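Data file: coords.txt. Format and content: compact mmCIF, N, CA and C atoms.
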```txt
# COMPACT_ATOMS: atom_id res chain seq x y z
N MET A 1 -10.88 23.24 16.16
CA MET A 1 -11.15 22.34 15.06
C MET A 1 -10.57 20.96 15.36
N LEU A 2 -11.20 19.96 14.81
CA LEU A 2 -10.76 18.58 14.99
C LEU A 2 -9.79 18.18 13.89
N LYS A 3 -8.88 17.28 14.22
CA LYS A 3 -7.99 16.71 13.21
C LYS A 3 -8.80 15.76 12.34
N PRO A 4 -8.43 15.62 11.08
CA PRO A 4 -9.09 14.60 10.25
C PRO A 4 -8.86 13.20 10.82
N THR A 5 -9.83 12.32 10.60
CA THR A 5 -9.71 10.92 11.00
C THR A 5 -9.19 10.13 9.80
N VAL A 6 -8.16 9.33 10.05
CA VAL A 6 -7.48 8.64 8.97
C VAL A 6 -7.30 7.17 9.34
N SER A 7 -7.50 6.28 8.37
CA SER A 7 -7.14 4.88 8.58
C SER A 7 -6.41 4.37 7.35
N VAL A 8 -5.54 3.38 7.56
CA VAL A 8 -4.76 2.81 6.47
C VAL A 8 -4.80 1.29 6.58
N GLU A 9 -4.85 0.64 5.43
CA GLU A 9 -4.80 -0.83 5.38
C GLU A 9 -3.92 -1.21 4.20
N VAL A 10 -2.95 -2.07 4.44
CA VAL A 10 -2.10 -2.57 3.37
C VAL A 10 -2.57 -3.98 3.02
N SER A 11 -2.96 -4.16 1.76
CA SER A 11 -3.41 -5.49 1.35
C SER A 11 -2.24 -6.31 0.82
N THR A 12 -2.49 -7.53 0.50
CA THR A 12 -1.51 -8.46 -0.04
C THR A 12 -0.45 -8.80 1.00
N LEU A 13 -0.85 -8.88 2.26
CA LEU A 13 0.07 -9.30 3.30
C LEU A 13 0.27 -10.81 3.18
N LEU A 14 1.50 -11.25 3.26
CA LEU A 14 1.84 -12.66 3.19
C LEU A 14 2.12 -13.17 4.59
N SER A 15 1.91 -14.44 4.81
CA SER A 15 2.29 -14.99 6.11
C SER A 15 3.76 -15.37 6.06
N SER A 16 4.41 -15.18 7.17
CA SER A 16 5.82 -15.53 7.28
C SER A 16 6.05 -16.05 8.68
N ASP A 17 6.90 -17.03 8.82
CA ASP A 17 7.13 -17.63 10.13
C ASP A 17 7.71 -16.63 11.14
N ASP A 18 8.58 -15.77 10.68
CA ASP A 18 9.27 -14.89 11.63
C ASP A 18 8.98 -13.40 11.44
N LYS A 19 8.16 -13.01 10.48
CA LYS A 19 7.88 -11.60 10.22
C LYS A 19 6.38 -11.37 10.16
N GLU A 20 5.93 -10.30 10.84
CA GLU A 20 4.53 -9.92 10.76
C GLU A 20 4.34 -8.96 9.60
N ASN A 21 3.19 -8.97 8.95
CA ASN A 21 2.87 -8.06 7.85
C ASN A 21 3.92 -8.11 6.74
N CYS A 22 4.30 -9.31 6.36
CA CYS A 22 5.30 -9.52 5.32
C CYS A 22 4.66 -9.26 3.95
N VAL A 23 5.36 -8.51 3.09
CA VAL A 23 4.87 -8.21 1.75
C VAL A 23 5.99 -8.39 0.73
N ASN A 24 5.61 -8.57 -0.52
CA ASN A 24 6.57 -8.50 -1.62
C ASN A 24 5.81 -8.19 -2.90
N GLY A 25 6.52 -7.64 -3.87
CA GLY A 25 5.89 -7.29 -5.13
C GLY A 25 4.90 -6.16 -5.00
N LEU A 26 3.81 -6.24 -5.74
CA LEU A 26 2.80 -5.18 -5.78
C LEU A 26 1.84 -5.31 -4.59
N ILE A 27 1.71 -4.23 -3.83
CA ILE A 27 0.75 -4.18 -2.72
C ILE A 27 -0.25 -3.06 -3.00
N THR A 28 -1.34 -3.03 -2.24
CA THR A 28 -2.33 -1.96 -2.35
C THR A 28 -2.47 -1.30 -0.99
N VAL A 29 -2.35 0.04 -0.98
CA VAL A 29 -2.55 0.82 0.24
C VAL A 29 -3.95 1.42 0.14
N LYS A 30 -4.83 1.04 1.08
CA LYS A 30 -6.21 1.53 1.10
C LYS A 30 -6.35 2.59 2.19
N THR A 31 -7.02 3.70 1.86
CA THR A 31 -7.19 4.77 2.83
C THR A 31 -8.66 5.05 3.08
N SER A 32 -8.94 5.57 4.25
CA SER A 32 -10.27 6.06 4.60
C SER A 32 -10.06 7.35 5.37
N LEU A 33 -10.58 8.46 4.86
CA LEU A 33 -10.38 9.77 5.45
C LEU A 33 -11.72 10.42 5.75
N SER A 34 -11.80 11.13 6.88
CA SER A 34 -13.01 11.90 7.17
C SER A 34 -12.64 13.10 8.03
N ASP A 35 -13.49 14.11 7.99
CA ASP A 35 -13.27 15.32 8.75
C ASP A 35 -14.62 16.00 8.94
N ASN A 36 -14.73 16.84 9.99
CA ASN A 36 -15.99 17.56 10.21
C ASN A 36 -16.15 18.69 9.18
N ASP A 37 -15.10 19.01 8.46
CA ASP A 37 -15.14 20.01 7.40
C ASP A 37 -14.85 19.29 6.09
N LYS A 38 -13.79 19.61 5.42
CA LYS A 38 -13.44 18.99 4.15
C LYS A 38 -11.95 18.66 4.15
N ILE A 39 -11.60 17.50 3.58
CA ILE A 39 -10.19 17.13 3.43
C ILE A 39 -9.60 18.01 2.32
N ALA A 40 -8.54 18.75 2.66
CA ALA A 40 -7.90 19.64 1.69
C ALA A 40 -6.79 18.92 0.94
N GLN A 41 -6.11 18.00 1.63
CA GLN A 41 -5.00 17.29 1.00
C GLN A 41 -4.77 15.97 1.74
N SER A 42 -4.31 14.97 1.00
CA SER A 42 -3.89 13.72 1.63
C SER A 42 -2.66 13.21 0.90
N TRP A 43 -1.82 12.48 1.62
CA TRP A 43 -0.63 11.90 1.01
C TRP A 43 -0.22 10.65 1.77
N ILE A 44 0.52 9.78 1.07
CA ILE A 44 0.99 8.52 1.65
C ILE A 44 2.51 8.51 1.56
N GLU A 45 3.14 8.16 2.67
CA GLU A 45 4.60 8.05 2.70
C GLU A 45 5.01 6.70 3.25
N ILE A 46 6.18 6.24 2.82
CA ILE A 46 6.78 5.04 3.38
C ILE A 46 8.15 5.43 3.94
N THR A 47 8.43 4.97 5.15
CA THR A 47 9.70 5.29 5.81
C THR A 47 10.30 4.02 6.38
N GLY A 48 11.62 4.05 6.61
CA GLY A 48 12.27 2.94 7.28
C GLY A 48 13.39 2.32 6.48
N ALA A 49 13.93 1.24 7.05
CA ALA A 49 15.00 0.41 6.48
C ALA A 49 16.03 1.25 5.74
N SER A 50 16.12 1.09 4.44
CA SER A 50 17.21 1.71 3.68
C SER A 50 16.88 3.10 3.14
N LEU A 51 15.71 3.65 3.47
CA LEU A 51 15.35 4.97 2.94
C LEU A 51 15.94 6.07 3.82
N SER A 52 16.69 6.97 3.21
CA SER A 52 17.29 8.07 3.97
C SER A 52 16.28 9.16 4.28
N GLU A 53 15.20 9.22 3.52
CA GLU A 53 14.11 10.17 3.77
C GLU A 53 12.81 9.51 3.36
N PRO A 54 11.67 10.04 3.85
CA PRO A 54 10.39 9.43 3.48
C PRO A 54 10.18 9.40 1.97
N LYS A 55 9.62 8.31 1.48
CA LYS A 55 9.31 8.18 0.06
C LYS A 55 7.81 8.41 -0.10
N LYS A 56 7.45 9.48 -0.80
CA LYS A 56 6.04 9.79 -1.01
C LYS A 56 5.55 8.92 -2.16
N ILE A 57 4.50 8.12 -1.89
CA ILE A 57 3.99 7.23 -2.93
C ILE A 57 2.65 7.71 -3.48
N ASP A 58 2.10 8.78 -2.91
CA ASP A 58 0.87 9.35 -3.44
C ASP A 58 0.65 10.73 -2.83
N ASP A 59 0.03 11.63 -3.58
CA ASP A 59 -0.28 12.97 -3.10
C ASP A 59 -1.54 13.44 -3.82
N ARG A 60 -2.58 13.75 -3.06
CA ARG A 60 -3.86 14.15 -3.66
C ARG A 60 -4.35 15.44 -3.01
N SER A 61 -5.11 16.20 -3.78
CA SER A 61 -5.66 17.43 -3.23
C SER A 61 -7.17 17.35 -3.14
N SER A 62 -7.72 18.21 -2.39
CA SER A 62 -9.12 18.43 -2.02
C SER A 62 -10.16 17.38 -2.34
N GLY A 63 -10.96 17.14 -1.31
CA GLY A 63 -12.17 16.37 -1.44
C GLY A 63 -12.06 14.86 -1.43
N VAL A 64 -10.88 14.30 -1.47
CA VAL A 64 -10.73 12.85 -1.51
C VAL A 64 -11.02 12.27 -0.13
N THR A 65 -11.82 11.20 -0.07
CA THR A 65 -12.11 10.59 1.23
C THR A 65 -11.64 9.14 1.33
N ASN A 66 -11.85 8.37 0.30
CA ASN A 66 -11.42 6.96 0.31
C ASN A 66 -10.79 6.64 -1.04
N TYR A 67 -9.64 6.00 -1.00
CA TYR A 67 -9.00 5.61 -2.24
C TYR A 67 -7.97 4.52 -1.99
N SER A 68 -7.55 3.87 -3.06
CA SER A 68 -6.53 2.83 -3.00
C SER A 68 -5.40 3.19 -3.94
N VAL A 69 -4.17 2.87 -3.53
CA VAL A 69 -2.99 3.18 -4.32
C VAL A 69 -2.11 1.94 -4.40
N PRO A 70 -1.72 1.53 -5.62
CA PRO A 70 -0.78 0.42 -5.73
C PRO A 70 0.64 0.91 -5.46
N PHE A 71 1.47 0.03 -4.89
CA PHE A 71 2.87 0.36 -4.66
C PHE A 71 3.71 -0.89 -4.90
N ASP A 72 4.74 -0.74 -5.71
CA ASP A 72 5.62 -1.86 -6.05
C ASP A 72 6.78 -1.91 -5.07
N THR A 73 6.77 -2.88 -4.18
CA THR A 73 7.81 -2.97 -3.14
C THR A 73 9.16 -3.39 -3.69
N THR A 74 9.22 -3.80 -4.96
CA THR A 74 10.52 -4.16 -5.53
C THR A 74 11.39 -2.92 -5.76
N THR A 75 10.81 -1.72 -5.58
CA THR A 75 11.58 -0.48 -5.74
C THR A 75 12.34 -0.10 -4.47
N ILE A 76 12.16 -0.89 -3.41
CA ILE A 76 12.88 -0.64 -2.15
C ILE A 76 13.53 -1.94 -1.68
N ASN A 77 14.51 -1.82 -0.81
CA ASN A 77 15.22 -2.99 -0.28
C ASN A 77 14.38 -3.73 0.74
N ASP A 78 14.73 -5.00 0.98
CA ASP A 78 14.08 -5.77 2.04
C ASP A 78 14.29 -5.08 3.38
N GLY A 79 13.32 -5.21 4.27
CA GLY A 79 13.46 -4.65 5.61
C GLY A 79 12.14 -4.15 6.16
N GLU A 80 12.20 -3.55 7.34
CA GLU A 80 11.01 -3.04 8.02
C GLU A 80 10.71 -1.61 7.58
N TYR A 81 9.42 -1.34 7.33
CA TYR A 81 8.97 -0.03 6.88
C TYR A 81 7.67 0.34 7.58
N THR A 82 7.36 1.63 7.54
CA THR A 82 6.09 2.13 8.02
C THR A 82 5.39 2.85 6.88
N VAL A 83 4.16 2.44 6.59
CA VAL A 83 3.33 3.12 5.60
C VAL A 83 2.40 4.04 6.38
N THR A 84 2.46 5.35 6.07
CA THR A 84 1.65 6.34 6.79
C THR A 84 0.81 7.14 5.82
N VAL A 85 -0.48 7.26 6.14
CA VAL A 85 -1.40 8.11 5.38
C VAL A 85 -1.64 9.36 6.21
N TYR A 86 -1.52 10.52 5.57
CA TYR A 86 -1.76 11.81 6.21
C TYR A 86 -2.96 12.48 5.54
N ALA A 87 -3.74 13.21 6.33
CA ALA A 87 -4.84 14.02 5.80
C ALA A 87 -4.82 15.38 6.47
N LYS A 88 -4.99 16.41 5.66
CA LYS A 88 -4.98 17.79 6.15
C LYS A 88 -6.33 18.42 5.80
N ASP A 89 -6.95 19.08 6.79
CA ASP A 89 -8.24 19.72 6.51
C ASP A 89 -8.03 21.19 6.13
N ASN A 90 -9.13 21.87 5.83
CA ASN A 90 -9.05 23.26 5.40
C ASN A 90 -8.49 24.19 6.47
N ALA A 91 -8.59 23.79 7.75
CA ALA A 91 -8.07 24.61 8.85
C ALA A 91 -6.57 24.35 9.08
N GLY A 92 -6.00 23.40 8.37
CA GLY A 92 -4.57 23.10 8.53
C GLY A 92 -4.27 22.00 9.54
N ASN A 93 -5.30 21.39 10.14
CA ASN A 93 -5.10 20.28 11.07
C ASN A 93 -4.70 19.04 10.28
N ILE A 94 -3.76 18.27 10.84
CA ILE A 94 -3.29 17.06 10.16
C ILE A 94 -3.53 15.84 11.03
N GLY A 95 -4.14 14.82 10.44
CA GLY A 95 -4.32 13.52 11.08
C GLY A 95 -3.53 12.48 10.31
N SER A 96 -3.19 11.39 10.98
CA SER A 96 -2.43 10.34 10.28
C SER A 96 -2.73 8.98 10.88
N SER A 97 -2.40 7.95 10.10
CA SER A 97 -2.51 6.57 10.55
C SER A 97 -1.41 5.77 9.86
N SER A 98 -0.84 4.79 10.57
CA SER A 98 0.30 4.04 10.05
C SER A 98 0.08 2.54 10.16
N GLN A 99 0.78 1.81 9.30
CA GLN A 99 0.84 0.35 9.40
C GLN A 99 2.27 -0.08 9.11
N GLN A 100 2.78 -0.97 9.95
CA GLN A 100 4.11 -1.53 9.76
C GLN A 100 4.04 -2.64 8.72
N ILE A 101 5.08 -2.71 7.87
CA ILE A 101 5.20 -3.83 6.92
C ILE A 101 6.65 -4.30 6.93
N TYR A 102 6.85 -5.53 6.51
CA TYR A 102 8.20 -6.06 6.34
C TYR A 102 8.31 -6.54 4.90
N VAL A 103 9.19 -5.90 4.12
CA VAL A 103 9.40 -6.27 2.73
C VAL A 103 10.41 -7.41 2.67
N ASP A 104 10.01 -8.50 2.02
CA ASP A 104 10.88 -9.67 1.87
C ASP A 104 10.67 -10.23 0.46
N GLN A 105 11.54 -9.85 -0.46
CA GLN A 105 11.39 -10.28 -1.85
C GLN A 105 11.69 -11.76 -2.04
N SER A 106 12.27 -12.41 -1.04
CA SER A 106 12.55 -13.84 -1.16
C SER A 106 11.33 -14.69 -0.86
N THR A 107 10.27 -14.08 -0.35
CA THR A 107 9.03 -14.80 -0.07
C THR A 107 8.28 -14.97 -1.38
N ASP A 108 8.32 -16.15 -1.94
CA ASP A 108 7.71 -16.39 -3.24
C ASP A 108 6.20 -16.51 -3.12
N LEU A 109 5.52 -15.96 -4.13
CA LEU A 109 4.08 -16.11 -4.23
C LEU A 109 3.80 -17.48 -4.83
N PRO A 110 2.63 -18.05 -4.58
CA PRO A 110 2.33 -19.38 -5.12
C PRO A 110 2.28 -19.37 -6.64
N VAL A 111 2.67 -20.48 -7.24
CA VAL A 111 2.63 -20.65 -8.69
C VAL A 111 1.64 -21.77 -8.99
N ILE A 112 0.73 -21.50 -9.93
CA ILE A 112 -0.27 -22.51 -10.32
C ILE A 112 0.13 -23.04 -11.69
N THR A 113 0.26 -24.35 -11.81
CA THR A 113 0.60 -24.98 -13.08
C THR A 113 -0.51 -25.92 -13.48
N LEU A 114 -1.01 -25.74 -14.70
CA LEU A 114 -2.07 -26.60 -15.23
C LEU A 114 -1.48 -27.48 -16.33
N SER A 115 -1.89 -28.74 -16.38
CA SER A 115 -1.40 -29.62 -17.45
C SER A 115 -2.52 -29.87 -18.45
N ASN A 116 -2.17 -30.33 -19.64
CA ASN A 116 -3.12 -30.59 -20.71
C ASN A 116 -3.94 -29.36 -21.06
N ALA A 117 -3.28 -28.22 -21.13
CA ALA A 117 -3.97 -26.96 -21.40
C ALA A 117 -4.16 -26.74 -22.89
N GLU A 118 -5.35 -26.24 -23.27
CA GLU A 118 -5.64 -25.98 -24.67
C GLU A 118 -6.06 -24.54 -24.94
N LYS A 119 -6.54 -23.81 -23.94
CA LYS A 119 -7.00 -22.43 -24.12
C LYS A 119 -6.22 -21.51 -23.19
N THR A 120 -6.07 -20.24 -23.60
CA THR A 120 -5.38 -19.26 -22.78
C THR A 120 -6.32 -18.09 -22.48
N TYR A 121 -6.40 -17.70 -21.22
CA TYR A 121 -7.18 -16.54 -20.78
C TYR A 121 -6.22 -15.56 -20.13
N LYS A 122 -6.29 -14.31 -20.54
CA LYS A 122 -5.40 -13.30 -19.97
C LYS A 122 -6.22 -12.30 -19.17
N GLY A 123 -5.77 -12.00 -17.97
CA GLY A 123 -6.39 -10.99 -17.13
C GLY A 123 -5.38 -9.91 -16.80
N LYS A 124 -5.78 -8.99 -15.97
CA LYS A 124 -4.91 -7.87 -15.62
C LYS A 124 -3.65 -8.33 -14.89
N HIS A 125 -3.78 -9.34 -14.02
CA HIS A 125 -2.66 -9.76 -13.19
C HIS A 125 -2.29 -11.22 -13.36
N ILE A 126 -3.02 -11.94 -14.21
CA ILE A 126 -2.75 -13.37 -14.28
C ILE A 126 -3.08 -13.90 -15.68
N VAL A 127 -2.37 -14.90 -16.10
CA VAL A 127 -2.66 -15.59 -17.36
C VAL A 127 -2.95 -17.04 -17.00
N ILE A 128 -4.09 -17.54 -17.44
CA ILE A 128 -4.47 -18.92 -17.16
C ILE A 128 -4.62 -19.64 -18.49
N THR A 129 -3.94 -20.75 -18.65
CA THR A 129 -4.08 -21.58 -19.84
C THR A 129 -4.80 -22.86 -19.44
N ILE A 130 -5.86 -23.16 -20.15
CA ILE A 130 -6.66 -24.35 -19.83
C ILE A 130 -6.64 -25.29 -21.02
```
As C-alpha cells, the full file:
Amino acid sequence: MLKPTVSVEVSTLLSSDDKENCVNGLITVKTSLSDNDKIAQSWIEITGASLSEPKKIDDRSSGVTNYSVPFDTTTINDGEYTVTVYAKDNAGNIGSSSQQIYVDQSTDLPVITLSNAEKTYKGKHIVITI
C-alpha cells in the first residue's frame, strides 16, 4: 500500500529582514490530502522552540481531503517552529508534510488610519470607518 500524499501551506507569512516564514497573530494552516484508498485520519501538530512536546492544533477523522485550520500564534512563545500535517489511510500507512515558521510577535501588522470618517463598516477581521 502507498502512504497518503500530504501537503501543507501556512498563510499570513510576513516578510522579515532576518527570518524566513515569519508569522504573528492568527495564521491559517491549509492542507491537501490524497490516497489511493481513503484517508482515515489527519492531524496537525506544531513543534519546536519552547514546546516540550508537540502541540496538536487539529485532529480529524475519516474522509477529509482538503481543509484549513486557524491557529493563534500568540498562544506560543517567539521562536522557530515546524507545522506538520499527518494523514493516515485505512491500511495504517502515514504520510506527512511540514513547513518551518518563525513566530515573532514584535513584527507589527500594518495599521490603516482614515481621516474625516463618517460611516463604520464591520467585518469578520476588520473595522473600517469612512
Practice task
One decimal, Å: what's the distance from CA of Thr73 (chain A) over to CA of Ala87 (chain A), could you say?
Solution key: 23.0 Å
Practice task
For region 28-33 of chain A, work out the shell of residues within 8 Å, counting all atoms listed in the file and skipping chain neighbours fewer than 6 positions away, then give it as a VMD selection string.
Solution key: chain A and resid 4 to 13 39 64 to 72 85 to 87
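Atom C of Lys3 (chain A) is positioned 7.2 Å from atom N of Ser96 (chain A).
Around Ser42 (chain A), within 6.5 Å and counting all atoms listed in the file, the residues found are Asp58, Asp59, Arg60, Ser61, Ser62, Tyr86, Ala87 and Lys88 of chain A, once anything fewer than 4 positions away on its own chain is removed.
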Given the point (-13.1, 21.3, 8.8) in the coordinates of this file, which residues lie within 6.5 Å, counting all atoms listed in the file, and how would they look as a PDB file with N, CA and C atoms, in the coordinates of the input?
```pdb
ATOM      1  N   LEU A   2     -11.200  19.960  14.810  1.00  0.00           N
ATOM      2  CA  LEU A   2     -10.760  18.580  14.990  1.00  0.00           C
ATOM      3  C   LEU A   2      -9.790  18.180  13.890  1.00  0.00           C
ATOM      4  N   ASP A  35     -13.490  14.110   7.990  1.00  0.00           N
ATOM      5  CA  ASP A  35     -13.270  15.320   8.750  1.00  0.00           C
ATOM      6  C   ASP A  35     -14.620  16.000   8.940  1.00  0.00           C
ATOM      7  N   ASN A  36     -14.730  16.840   9.990  1.00  0.00           N
ATOM      8  CA  ASN A  36     -15.990  17.560  10.210  1.00  0.00           C
ATOM      9  C   ASN A  36     -16.150  18.690   9.180  1.00  0.00           C
ATOM     10  N   ASP A  37     -15.100  19.010   8.460  1.00  0.00           N
ATOM     11  CA  ASP A  37     -15.140  20.010   7.400  1.00  0.00           C
ATOM     12  C   ASP A  37     -14.850  19.290   6.090  1.00  0.00           C
ATOM     13  N   LYS A  38     -13.790  19.610   5.420  1.00  0.00           N
ATOM     14  CA  LYS A  38     -13.440  18.990   4.150  1.00  0.00           C
ATOM     15  C   LYS A  38     -11.950  18.660   4.150  1.00  0.00           C
ATOM     16  N   ASP A  89      -6.950  19.080   6.790  1.00  0.00           N
ATOM     17  CA  ASP A  89      -8.240  19.720   6.510  1.00  0.00           C
ATOM     18  C   ASP A  89      -8.030  21.190   6.130  1.00  0.00           C
ATOM     19  N   ASN A  90      -9.130  21.870   5.830  1.00  0.00           N
ATOM     20  CA  ASN A  90      -9.050  23.260   5.400  1.00  0.00           C
ATOM     21  C   ASN A  90      -8.490  24.190   6.470  1.00  0.00           C
ATOM     22  N   ALA A  91      -8.590  23.790   7.750  1.00  0.00           N
ATOM     23  CA  ALA A  91      -8.070  24.610   8.850  1.00  0.00           C
ATOM     24  C   ALA A  91      -6.570  24.350   9.080  1.00  0.00           C
TER      25      ALA A  91
END
```
Practice task
Please write as a ChimeraX atom specification the list of polymer residues whose atoms come within 12 Å of (5.6, 1.6, 9.2), counting only C-alpha atoms and keeping to the coordinates of the file.
Solution key: /A:8-10,20-22,44-49,54-55,79-85,96-103
Problem - Coordinates-based distance that separates atom C of Gly95 (chain A) from atom N of Leu26 (chain A) (Å, one decimal) - result: 25.7 Å
Take every atom of region 28-44 of chain A listed in the file, pad by 3 Å on each side, and give me the axis-aligned box centre and edge lengths in Å, one decimal, as lines of an AutoDock Vina configuration file.
```
center_x = -6.8
center_y = 8.5
center_z = 3.9
size_x = 24.7
size_y = 29.0
size_z = 18.6
```
Exercise for the section: Run DSSP on the backbone of this structure and report the residues of region 36-118 of chain A it assigns to strand (DSSP E or B), as a PyMOL selection string. Expected result: chain A and resi 39-48+55-61+66-72+79-89+94-103
Practice task
Tell me which of A:Ala40, A:Ser50, A:Asp104, A:Lys56 sits closest to Gly25 (chain A), counting only C-alpha atoms.
Solution key: A:Asp104
